[in-house]
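The next block holds one structure in the form of structure tokens; read it before the comments.
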Amino acid sequence: MHAIEIKNLNKTYDNGFVALKDISFSIAEGDFFALLGPNGAGKSTTLGILCGLVRKTSGQVRVMGRDLDQDPQAVRRLLGVVPQEFNFNQFEKVDDIIYNQAGYYGLSRRQVRPQLETLLKALDLWDKRDSQARQLSGGMKRRLMIARALIHQPKLIILDEPTAGVDIEIRRSMWQFMRELNQQGTSIILTTHYLEEAENLCPNLAIIQKGEIIANTSTKALLSQMEQTTFVLDSFATLDHLPMLPEVQLQALSATSFSLQLPKGADLAQVMASLQQHGIRVQSIRPQSNRLEELFMQLVQQPKAQQPKAQQSKAKAVTGQSTGSRPTSEV
Amino acid sequence: MIQHPYWVMFATIVSKEITRFTRIWPQTLLPPAITMLLYFIIFGNLIGSRIGTMGGLDYMSFIVPGLIMMSVITNSYGNVSSSFFSNKFQRSIEEMLVAPVPNWVILAGFVGGGMLRGLIVAGIVTLVSLFFTSLQVHSLAVMLLVVLLTAMVFSLAGLINGVFARKFDDISIIPTFVLTPLTYLGGVFFSITLLPSIWQSLAMANPILYMVNAFRYGVHGVSDIPVLWALALLSLLAGVFWFWALRLLSIGKGLKQ
Ligand SMILES: Nc1ncnc2c1ncn2[C@@H]1O[C@H](COP(=O)(O)OP(=O)(O)OP(=O)(O)O)[C@@H](O)[C@H]1O
Ligand SMILES: [Mg+2]
């Protein structure tokens, strides 16, 4: 069974803006699925339609086999929703917000008390349970929304940028939390601008741009499309000139660092060996950017006709401009 | 014991409403007590003693039922319109919309909260009035029926206002320009028998006149209008507003894009 099945979904907002153009994709039950795309691509619109906050213009949506139009209440019971923007009453207390949400699912305080304690402890909010929501930091508010979405133990959770504005340490603990949740059988659909997050967590993904799906495949398959990977290397000594090597392209970045473009299939160890032969002693090496990020840039920056195969020339233009590694940079 | 899910949903919304209006009691429960205290002192005691009787009652006794109704109307309406609007404004209404709460339960929950606020304020105002006059109970059934239906009608109306409101100002327009004039002209302070006949027939078009008089009947047994008409009118308004509000929620007016 599919956790989500979307067919020919269209959305035109009241002001005439066409946000989704006939998109179709599906997510297998138990999957951890990333929905990626630049700002304004239509990710939140898609998720809004799934959870009933945005009315679709046309198309079909099924959640765990239930049709959204025919059985909206069953669909809602299956879903847990973490929206992109804070949408709780800032003056309510943390535990009241969660208890009330349980109440909207028909669950009494007594029924969910143990689950509430587990969630607040796992999300490091237990000490804050008596605080008003407005007294929480931004990262805590996000975690509050996650706890709120999970109180009724949904089969599928919708996470719209759950880690935006969360510090690195907590982001990593949230990844662990989401991974465990997924391993326990919860299907997850995630949007994020941290592509490292998607690469680490999600075996499958779709990329949406200007309301259209431009890629929908496994993360592995998408990454294998990569024609090249760019690395940044630092040498011990100042570099006078860079050698010409077969297969790879080198480009100076500073007196002691340079970039290396490694085409698909080339042997990095051999390249390193020949650098050594040319007298370059490499102190460190790192990918110039996260791999998925590099590919993402290649995909969203090319005209539609050339998709989905990454275009070599464009990719060079893009990756050549930025320098330095930004493992968790935002796109 | 497992409660019915709909009951839990309803109770959650109502108790959230109670938490809200008791948390901000200086804005919700205190002002009507003070306003009504002033009305009782000035109109009832100071001016009322010179007026003598009105509709066969001493003036203080005459105005108390009307002032209680006035509090029920403003507080029920104000509670639901501002609570619903701020839920919409803060987007916390989405908490209910993503959950399997049927629209009629959402409606019943907000209306239940508004009615409770109206009734609690009515209780406070009644207690304050007891310092100035003694109240009797002519017909408890009529009193309760009128108060409950009035609270319900204006809670529903407040929700409809909250649905249409786009900014905070929009929830004060109706109270200021419609409810307040109608209440003042609705026989709270005078018997319409004092009016010239043309104004009398005009006053009969004011629904609040019926509520005030029916409640006064419940307390004192006197009314300018037939009480059954009032009950019929209230039931009709409650029915119409209920289905209108439900329709607005189900099309997601102002809630869904
Ligand atoms: N209520 C609305 N009325 C009109 N247009 C809207 C509305 N909501 C969103 N849009 C437009 O629809 C497009 C898609 O918006 P959406 O919020 O789905 O993007 P997104 O992919 O979630 O972007 P982001 O990464 O910035 O969150 C945008 O161009 C946006 O301006
Ligand atoms: Mg978004």
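Residues are named by chain letter and number: chains run A, B, ... in the order of the structure tokens, numbers start at 1 in each chain, and ligands are numbered from 1 in the order shown.
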
**Prompt:** Any idea which chain A residues end up within 9 Å of chain B if we count only C-alpha atoms, as a PyMOL selection string please?
**Reply:** chain A and resi 13-14+51-56+72-77+79-81+86-90+92+96+99-108+111

Output for the residues just chosen: C-alpha atoms as an mmCIF file, in the first residue's frame:
data_model
loop_
_atom_site.group_PDB
_atom_site.id
_atom_site.type_symbol
_atom_site.label_atom_id
_atom_site.label_comp_id
_atom_site.auth_asym_id
_atom_site.auth_seq_id
_atom_site.Cartn_x
_atom_site.Cartn_y
_atom_site.Cartn_z
ATOM 1 C CA TYR A 13 -4.793 30.193 -5.638
ATOM 2 C CA ASP A 14 -7.677 32.670 -5.486
ATOM 3 C CA CYS A 51 -3.534 17.932 5.573
ATOM 4 C CA GLY A 52 -6.656 19.746 4.470
ATOM 5 C CA LEU A 53 -5.577 23.346 5.019
ATOM 6 C CA VAL A 54 -5.397 24.169 1.326
ATOM 7 C CA ARG A 55 -8.176 23.254 -1.099
ATOM 8 C CA LYS A 56 -6.975 21.528 -4.220
ATOM 9 C CA PRO A 72 -11.359 13.283 4.966
ATOM 10 C CA GLN A 73 -11.744 12.384 8.630
ATOM 11 C CA ALA A 74 -10.040 9.017 8.228
ATOM 12 C CA VAL A 75 -7.193 10.739 6.389
ATOM 13 C CA ARG A 76 -6.808 13.279 9.185
ATOM 14 C CA ARG A 77 -6.664 10.592 11.839
ATOM 15 C CA LEU A 79 -1.733 12.213 9.701
ATOM 16 C CA GLY A 80 0.461 14.186 12.044
ATOM 17 C CA VAL A 81 1.343 17.652 10.819
ATOM 18 C CA PHE A 86 4.332 28.466 14.132
ATOM 19 C CA ASN A 87 0.617 28.003 14.502
ATOM 20 C CA PHE A 88 -0.047 27.523 18.183
ATOM 21 C CA ASN A 89 -1.493 30.011 20.613
ATOM 22 C CA GLN A 90 1.560 31.761 22.056
ATOM 23 C CA GLU A 92 -0.974 28.661 26.045
ATOM 24 C CA ASP A 96 -1.877 22.388 27.309
ATOM 25 C CA TYR A 99 -3.180 17.951 25.486
ATOM 26 C CA ASN A 100 -5.593 20.086 23.461
ATOM 27 C CA GLN A 101 -4.267 18.668 20.229
ATOM 28 C CA ALA A 102 -4.840 15.164 21.595
ATOM 29 C CA GLY A 103 -8.344 16.291 22.500
ATOM 30 C CA TYR A 104 -8.991 17.276 18.893
ATOM 31 C CA TYR A 105 -8.183 13.684 17.993
ATOM 32 C CA GLY A 106 -10.719 12.526 20.554
ATOM 33 C CA LEU A 107 -8.105 11.409 23.102
ATOM 34 C CA SER A 108 -8.476 12.438 26.719
ATOM 35 C CA GLN A 111 -5.164 8.493 27.715
#

**Request:** Find the residues around A:Leu78 up to 10 Å (only C-alpha atoms counted), leave out those fewer than 6 positions away in its own chain, and share them as a PyMOL selection string.
**Result:** (chain A and resi 3+51+63-64+66+152-157) or (chain B and resi 99-100)

Using N, CA, C and O atoms, can you write the selected residues to a file as a compact mmCIF listing (two decimals), in the first residue's frame?
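Ended up saving to part-v5.txt:
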# COMPACT_ATOMS: atom_id res chain seq x y z
N ALA A 3 1.68 5.03 1.20
CA ALA A 3 1.36 5.98 2.26
C ALA A 3 0.66 7.19 1.64
O ALA A 3 -0.33 7.69 2.16
N CYS A 51 -2.97 17.88 4.22
CA CYS A 51 -3.53 17.93 5.57
C CYS A 51 -4.81 18.76 5.64
O CYS A 51 -5.33 19.00 6.72
N VAL A 63 -4.34 8.80 1.06
CA VAL A 63 -3.42 8.57 2.16
C VAL A 63 -3.74 7.20 2.73
O VAL A 63 -4.87 6.94 3.13
N MET A 64 -2.77 6.32 2.73
CA MET A 64 -2.96 4.94 3.17
C MET A 64 -4.21 4.32 2.53
O MET A 64 -5.03 3.68 3.20
N ARG A 66 -6.88 5.77 1.59
CA ARG A 66 -8.13 6.50 1.80
C ARG A 66 -8.16 7.76 0.95
O ARG A 66 -7.19 8.52 0.94
N HIS A 152 -0.92 11.73 18.91
CA HIS A 152 -1.94 10.71 18.64
C HIS A 152 -1.35 9.53 17.86
O HIS A 152 -2.08 8.72 17.32
N GLN A 153 -0.02 9.45 17.83
CA GLN A 153 0.69 8.35 17.18
C GLN A 153 0.23 8.09 15.75
O GLN A 153 -0.30 7.03 15.43
N PRO A 154 0.45 9.09 14.88
CA PRO A 154 -0.02 8.98 13.50
C PRO A 154 0.79 7.96 12.70
O PRO A 154 1.92 7.65 13.05
N LYS A 155 0.19 7.48 11.62
CA LYS A 155 0.86 6.53 10.74
C LYS A 155 1.81 7.24 9.77
O LYS A 155 2.74 6.66 9.24
N LEU A 156 1.49 8.50 9.51
CA LEU A 156 2.27 9.26 8.53
C LEU A 156 2.49 10.66 9.09
O LEU A 156 1.53 11.29 9.54
N ILE A 157 3.73 11.11 9.09
CA ILE A 157 3.89 12.49 9.53
C ILE A 157 4.44 13.37 8.42
O ILE A 157 5.24 12.96 7.58
N ALA B 99 -7.15 18.07 12.41
CA ALA B 99 -7.62 16.91 13.17
C ALA B 99 -9.03 16.52 12.70
O ALA B 99 -9.70 17.31 12.04
N PRO B 100 -9.45 15.31 13.03
CA PRO B 100 -10.76 14.86 12.53
C PRO B 100 -11.93 15.41 13.34
O PRO B 100 -12.83 14.67 13.71

Test item: residues no farther than 10 Å from ligand 2, counting only C-alpha atoms and all ligand atoms, as a short mmCIF file (atom, residue, chain, number, x, y, z; two decimals) with N, CA, C and O atoms, in the first residue's frame:
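Dumped everything to out39.cif:
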data_model
loop_
_atom_site.label_atom_id
_atom_site.label_comp_id
_atom_site.auth_asym_id
_atom_site.auth_seq_id
_atom_site.Cartn_x
_atom_site.Cartn_y
_atom_site.Cartn_z
N LEU A 36 11.84 18.18 -2.07
CA LEU A 36 12.80 19.27 -2.10
C LEU A 36 12.42 20.28 -3.18
O LEU A 36 11.66 19.96 -4.09
N GLY A 37 12.98 21.46 -3.08
CA GLY A 37 12.73 22.46 -4.10
C GLY A 37 13.04 23.84 -3.56
O GLY A 37 13.03 24.05 -2.35
N PRO A 38 13.32 24.79 -4.45
CA PRO A 38 13.65 26.14 -4.00
C PRO A 38 12.44 26.85 -3.38
O PRO A 38 11.33 26.35 -3.45
N ASN A 39 12.68 28.02 -2.79
CA ASN A 39 11.59 28.81 -2.20
C ASN A 39 10.49 29.04 -3.22
O ASN A 39 10.75 29.37 -4.37
N GLY A 40 9.27 28.86 -2.77
CA GLY A 40 8.13 29.15 -3.65
C GLY A 40 7.85 28.07 -4.67
O GLY A 40 7.04 28.26 -5.58
N ALA A 41 8.48 26.90 -4.55
CA ALA A 41 8.31 25.85 -5.55
C ALA A 41 6.93 25.20 -5.48
O ALA A 41 6.41 24.71 -6.47
N GLY A 42 6.35 25.18 -4.28
CA GLY A 42 5.04 24.55 -4.13
C GLY A 42 5.05 23.41 -3.11
O GLY A 42 4.09 22.65 -3.03
N LYS A 43 6.10 23.32 -2.30
CA LYS A 43 6.18 22.25 -1.31
C LYS A 43 5.10 22.40 -0.24
O LYS A 43 4.33 21.47 0.02
N SER A 44 5.04 23.57 0.36
CA SER A 44 4.04 23.76 1.42
C SER A 44 2.63 23.68 0.88
O SER A 44 1.72 23.22 1.57
N THR A 45 2.45 24.11 -0.36
CA THR A 45 1.13 24.00 -0.98
C THR A 45 0.72 22.53 -1.07
O THR A 45 -0.39 22.15 -0.70
N THR A 46 1.64 21.68 -1.52
CA THR A 46 1.36 20.24 -1.62
C THR A 46 1.01 19.66 -0.25
O THR A 46 0.02 18.95 -0.09
N LEU A 47 1.84 20.00 0.75
CA LEU A 47 1.60 19.46 2.09
C LEU A 47 0.31 20.02 2.67
O LEU A 47 -0.43 19.31 3.38
N GLY A 48 0.01 21.30 2.37
CA GLY A 48 -1.22 21.91 2.84
C GLY A 48 -2.45 21.19 2.30
O GLY A 48 -3.45 21.01 3.00
N PRO A 83 3.73 22.07 10.66
CA PRO A 83 3.73 23.08 9.61
C PRO A 83 5.01 23.90 9.59
O PRO A 83 5.81 23.85 10.53
N GLN A 84 5.19 24.62 8.51
CA GLN A 84 6.40 25.44 8.37
C GLN A 84 6.39 26.61 9.35
O GLN A 84 7.42 26.99 9.88
N GLU A 85 5.21 27.20 9.54
CA GLU A 85 5.14 28.37 10.43
C GLU A 85 4.48 28.02 11.75
O GLU A 85 3.61 27.17 11.80
N ASP A 160 7.16 19.94 7.57
CA ASP A 160 7.50 21.05 6.66
C ASP A 160 8.61 21.88 7.30
O ASP A 160 8.37 22.71 8.17
N GLU A 161 9.83 21.61 6.88
CA GLU A 161 11.02 22.28 7.41
C GLU A 161 11.11 22.22 8.94
O GLU A 161 11.18 23.25 9.60
N THR A 191 10.10 18.17 4.13
CA THR A 191 10.71 19.16 3.25
C THR A 191 11.83 19.82 4.03
O THR A 191 11.77 19.94 5.26
N THR A 192 12.84 20.20 3.34
CA THR A 192 13.98 20.84 4.01
C THR A 192 14.80 21.59 2.97
O THR A 192 14.76 21.28 1.78
N HIS A 193 15.51 22.60 3.44
CA HIS A 193 16.48 23.26 2.56
C HIS A 193 17.89 22.81 2.90
O HIS A 193 18.86 23.24 2.29
#

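Residues in contact range of B:Gln200, defined as at most 12 Å between only C-alpha atoms, with sequence neighbours fewer than 3 positions away removed, read Leu185, Gly186, Gly187, Phe190, Ser191, Ile192, Thr193, Leu194, Leu195, Pro196, Ser197, Ala203, Met204, Ala205, Asn206, Leu209, Asp224 and Ile225 of chain B.
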
**Request:** Excluding B:Phe84 and any residue of its chain fewer than 4 positions from it, enumerate the residues within 9 Å of it, using only C-alpha atoms, and give them as a ChimeraX atom specification.
**Result:** /B:79-80,88-89,93,110,158-159,161-163

**Message:** So that I can check the surroundings of A:Ile285, please list as number ranges by chain every protein, DNA and RNA residue that reaches within 9 Å of it, counting only C-alpha atoms and ignoring chain neighbours fewer than 2 positions away.
**Reply:** A: 231-234, 282-283, 287

Residues from last step as file, all heavy atoms, as a PDB file, in the first residue's frame:
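Full text of out.pdb as output:
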ATOM      1  N   PHE A 231      35.993  18.607  -5.192  1.00  0.00           N
ATOM      2  CA  PHE A 231      36.622  18.592  -3.870  1.00  0.00           C
ATOM      3  C   PHE A 231      37.452  19.854  -3.680  1.00  0.00           C
ATOM      4  O   PHE A 231      37.886  20.470  -4.644  1.00  0.00           O
ATOM      5  CB  PHE A 231      37.562  17.381  -3.733  1.00  0.00           C
ATOM      6  CG  PHE A 231      36.844  16.061  -3.772  1.00  0.00           C
ATOM      7  CD1 PHE A 231      36.689  15.375  -4.977  1.00  0.00           C
ATOM      8  CD2 PHE A 231      36.308  15.512  -2.612  1.00  0.00           C
ATOM      9  CE1 PHE A 231      36.023  14.165  -5.018  1.00  0.00           C
ATOM     10  CE2 PHE A 231      35.637  14.305  -2.652  1.00  0.00           C
ATOM     11  CZ  PHE A 231      35.487  13.630  -3.856  1.00  0.00           C
ATOM     12  N   VAL A 232      37.648  20.204  -2.422  1.00  0.00           N
ATOM     13  CA  VAL A 232      38.563  21.296  -2.107  1.00  0.00           C
ATOM     14  C   VAL A 232      39.742  20.696  -1.339  1.00  0.00           C
ATOM     15  O   VAL A 232      39.533  19.930  -0.394  1.00  0.00           O
ATOM     16  CB  VAL A 232      37.860  22.380  -1.265  1.00  0.00           C
ATOM     17  CG1 VAL A 232      38.864  23.423  -0.792  1.00  0.00           C
ATOM     18  CG2 VAL A 232      36.748  23.023  -2.069  1.00  0.00           C
ATOM     19  N   LEU A 233      40.953  21.020  -1.768  1.00  0.00           N
ATOM     20  CA  LEU A 233      42.147  20.456  -1.123  1.00  0.00           C
ATOM     21  C   LEU A 233      43.040  21.564  -0.595  1.00  0.00           C
ATOM     22  O   LEU A 233      43.152  22.628  -1.221  1.00  0.00           O
ATOM     23  CB  LEU A 233      42.950  19.608  -2.128  1.00  0.00           C
ATOM     24  CG  LEU A 233      42.252  18.353  -2.666  1.00  0.00           C
ATOM     25  CD1 LEU A 233      41.428  18.676  -3.887  1.00  0.00           C
ATOM     26  CD2 LEU A 233      43.278  17.270  -2.950  1.00  0.00           C
ATOM     27  N   ASP A 234      43.633  21.323   0.549  1.00  0.00           N
ATOM     28  CA  ASP A 234      44.628  22.249   1.099  1.00  0.00           C
ATOM     29  C   ASP A 234      45.984  21.564   1.055  1.00  0.00           C
ATOM     30  O   ASP A 234      46.087  20.381   1.378  1.00  0.00           O
ATOM     31  CB  ASP A 234      44.294  22.588   2.560  1.00  0.00           C
ATOM     32  CG  ASP A 234      42.977  23.331   2.671  1.00  0.00           C
ATOM     33  OD1 ASP A 234      42.843  24.390   2.021  1.00  0.00           O
ATOM     34  OD2 ASP A 234      42.075  22.821   3.384  1.00  0.00           O
ATOM     35  N   VAL A 282      49.293  16.999   0.234  1.00  0.00           N
ATOM     36  CA  VAL A 282      47.928  17.400   0.600  1.00  0.00           C
ATOM     37  C   VAL A 282      47.698  17.251   2.097  1.00  0.00           C
ATOM     38  O   VAL A 282      47.956  16.214   2.686  1.00  0.00           O
ATOM     39  CB  VAL A 282      46.892  16.546  -0.171  1.00  0.00           C
ATOM     40  CG1 VAL A 282      45.474  16.874   0.303  1.00  0.00           C
ATOM     41  CG2 VAL A 282      47.035  16.805  -1.665  1.00  0.00           C
ATOM     42  N   GLN A 283      47.244  18.357   2.686  1.00  0.00           N
ATOM     43  CA  GLN A 283      46.991  18.360   4.127  1.00  0.00           C
ATOM     44  C   GLN A 283      45.570  17.894   4.434  1.00  0.00           C
ATOM     45  O   GLN A 283      45.317  17.188   5.403  1.00  0.00           O
ATOM     46  CB  GLN A 283      47.177  19.797   4.647  1.00  0.00           C
ATOM     47  CG  GLN A 283      47.026  19.938   6.134  1.00  0.00           C
ATOM     48  CD  GLN A 283      47.225  21.365   6.577  1.00  0.00           C
ATOM     49  OE1 GLN A 283      47.125  22.292   5.774  1.00  0.00           O
ATOM     50  NE2 GLN A 283      47.519  21.570   7.835  1.00  0.00           N
ATOM     51  N   PRO A 287      34.688  17.518   0.319  1.00  0.00           N
ATOM     52  CA  PRO A 287      33.816  17.838  -0.815  1.00  0.00           C
ATOM     53  C   PRO A 287      33.512  19.341  -0.793  1.00  0.00           C
ATOM     54  O   PRO A 287      33.374  19.922   0.278  1.00  0.00           O
ATOM     55  CB  PRO A 287      32.544  17.038  -0.557  1.00  0.00           C
ATOM     56  CG  PRO A 287      32.803  16.185   0.623  1.00  0.00           C
ATOM     57  CD  PRO A 287      34.014  16.684   1.324  1.00  0.00           C
TER      58      PRO A 287
END

**Asked** Residues at most 8 Å from stretch 61-77 of chain B, counting only C-alpha atoms, excluding those fewer than 4 positions away in the same chain, as a ChimeraX atom specification?
**Response** /B:28,32,36,40,44,54-55,57,81,114-119,121-122,125-126,129,133-135,147,150-152,154-159,175,179,183,187-190,211-213,215-216,219

**Complete:** Between A:Leu239, A:Ala206, A:Leu119, A:Met140, smallest distance to A:Ser24 by only C-alpha atoms belongs to A:Ala206

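Near B:Val137, within 10 Å and counting only C-alpha atoms, sit Ala141, Val142, Met143, Arg216, Tyr217, Gly218, Val219, His220 and Gly221 of chain B; same-chain residues fewer than 4 positions away were not included.
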
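The gap separating atom CA of B:Glu17 from atom CA of A:Lys121 is 28.1 Å, in Å to one decimal.
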